[in-house]
Amino acid sequence: MTRATTAAVLALGLLRPLGAGAQQADTLTLTLEGALNVALGTNPAYRQAVNRAQLNGTEMRTTWFRQVLPRAELSLFSTQFTGNLTRRATDDFGNPVERPQADWNFFSQTNQSLDLTWRLQGASIFNALDRQRLTNLDRDVAEARALVAMDVAVRRAFWDAQEQGELLRAEGELVEARRTDLDVAGRLFGLAMRTRVDVLNAELGVEQQALALRQQRAAFEKAALALRTRLGDDELGPFRLADTPLPIFDPSSLDAEALVVTALDVNAELRQAQVAVRSADVGVKESRRAWWPTLLLNFNVARRAYTPKGEALFDVSFDEDLDQRFYVGLQVPMFNDFFQNQQGIHQSSVERANRLEAERETMLRVEETVRSALLELESQWESLRLAERSGEIAQEALRLAGEEYRIGTRTFEDLRQSLGGGDFWMV
């Protein structure tokens, strides 16, 4: 009896973190909405998606300035001093000869220049803009997908932690039940209505329930740790979960076809697959236009101070006339790397076909997920109804058994057996 009592006391001690002592140490009562708000600002996966989406504006501006508008290079100041010693020269026919007099030649120069270059091949400008828009769209969809994934993960972790907490409280109540069972077995043993074996079995039941309580305590702490990980807040202090009712509803009013249509319209994974197909379309256009003529325009305006010795070194005066150059070039690469171009066209076409198949695969997977989730929801709803009905039947049987015991038509042993042998303390 002493060992059983000690085990029961130790088991009840495990419940203290759920009691008043733990609530005093807790600094935050965490609701589901509060958990979602915390994760919105600190969940690592979602924050990564948000950070990547911030590149959209910068990359779009870069695309405009590098692919659409003329590329500008500005040199504000460039000065240099050079010395040459040349012992060889060429005659009037270009033959190398030895210079009759070889000496050092020194000169200096200082430049400021502006260079504008514009390169255009077919519809390359529009393709560049389309590709960047699709890249930005893909990041936006990825951010939305990460937000949904974070919401689902936090909700599941919250409900799981709440479930493990309820199971922990139930295991604590069972400890009290086993203690009462042990007490009754001891009294009946004193009245010679039970044997020592019954007492030992009751004592064993207390210790086994204490072990089950410790195991459930570990499961609850693991669930709380998983929730903390999903939140991602390193500075979040101790918390306890607020009692939150489960969002239970009858799924019979849900239509599978309507749910599938909605999912195919808003599912972020499917939208990413569609963006990938559109990007592949741009790749096909680019590969097919690789042989189009390339137009190259260049304009350069510069101020150059170029004098012998060091007179032009650090010369920033603007008394010289500006030098200007203009260049127009046209390249026709129709027959350059013909087979390489054909290979690129074929590769881009295959890539587009594969992305179309990936989109179709995603559609099938989304439809399967929606229909499976609805079937599981309907099954869980029926299980809940059966469980509630079973609970009502058990409570009615318990009430009738108690009344029969009070009027004397049922013995204590019969009452104990009708209550499952161990939980008669609930009467």
# chains A, B, ... in the order shown; residues from 1 in each chain; ligands from 1
call {"tool": "residues_around", "arguments": {"residues": "Arg131 (chain A)", "least_positions_apart": "2", "cutoff": "9 Å", "atoms": "only C-alpha atoms", "output": "VMD selection string"}}
result
chain A and resid 126 to 129 133 to 136 278 to 279 282 to 283
call {"tool": "select_by_dssp", "arguments": {"residues": "region 146-376 of chain A", "states": "alpha helix (DSSP H)", "output": "JSON, numbers by chain"}}
result
{"A": [146, 147, 148, 149, 150, 151, 152, 153, 154, 155, 156, 157, 158, 159, 160, 161, 162, 163, 164, 165, 166, 167, 168, 169, 170, 171, 172, 173, 174, 175, 176, 177, 178, 179, 180, 181, 182, 183, 184, 185, 186, 187, 188, 189, 190, 196, 197, 198, 199, 200, 201, 202, 203, 204, 205, 206, 207, 208, 209, 210, 211, 212, 213, 214, 215, 216, 217, 218, 219, 220, 221, 222, 223, 224, 225, 226, 227, 228, 229, 230, 231, 256, 257, 258, 259, 260, 261, 262, 263, 264, 265, 266, 268, 269, 270, 271, 272, 273, 274, 275, 276, 277, 278, 279, 280, 281, 282, 283, 284, 285, 286, 287, 288, 338, 339, 340, 341, 342, 343, 344, 345, 346, 347, 348, 349, 350, 351, 352, 353, 354, 355, 356, 357, 358, 359, 360, 361, 362, 363, 364, 365, 366, 367, 368, 369, 370, 371, 372, 373, 374, 375, 376]}
call {"tool": "select_by_dssp", "arguments": {"residues": "region 103-242 of chain A", "states": "strand (DSSP E or B)", "output": "JSON, numbers by chain"}}
result
{"A": [104, 105, 106, 107, 108, 109, 110, 111, 112, 113, 114, 115, 116, 117, 118, 119, 120, 121, 239, 240, 241]}
call {"tool": "write_last_selection", "arguments": {"atoms": "C-alpha atoms", "output": "compact mmCIF listing (two decimals), in the first residue's frame"}}
result
# COMPACT_ATOMS: atom_id res chain seq x y z
CA TRP A 104 61.45 57.15 -74.18
CA ASN A 105 58.21 58.86 -75.22
CA PHE A 106 55.97 60.23 -72.47
CA PHE A 107 52.37 61.42 -72.75
CA SER A 108 49.37 61.92 -70.50
CA GLN A 109 45.61 62.09 -70.85
CA THR A 110 42.47 62.81 -68.83
CA ASN A 111 39.02 61.67 -70.02
CA GLN A 112 35.36 62.10 -69.15
CA SER A 113 32.90 60.15 -71.29
CA LEU A 114 29.32 58.97 -71.68
CA ASP A 115 28.63 55.78 -73.64
CA LEU A 116 25.12 54.65 -74.70
CA THR A 117 24.59 51.16 -76.14
CA TRP A 118 21.36 49.55 -77.30
CA ARG A 119 21.20 45.96 -78.50
CA LEU A 120 18.02 44.59 -80.07
CA GLN A 121 17.31 41.17 -81.53
CA PHE A 239 2.92 29.95 -22.79
CA ARG A 240 -0.14 27.88 -22.16
CA LEU A 241 -2.84 27.12 -24.68
call {"tool": "residues_around", "arguments": {"residues": "region 29-31 of chain A", "least_positions_apart": "4", "cutoff": "12 Å", "atoms": "only C-alpha atoms", "output": "ChimeraX atom specification"}}
result
/A:22-25,35-38,154-155,158-159,161-162,224,227-228,231,236-245
call {"tool": "atom_distance", "arguments": {"atom1": "CA of Gly83 (chain A)", "atom2": "CA of Arg304 (chain A)"}}
result
18.2 Å
call {"tool": "residues_around", "arguments": {"residues": "Thr229 (chain A)", "least_positions_apart": "5", "cutoff": "10 Å", "atoms": "only C-alpha atoms", "output": "ChimeraX atom specification"}}
result
/A:39,43-44,154,157,223-224,234
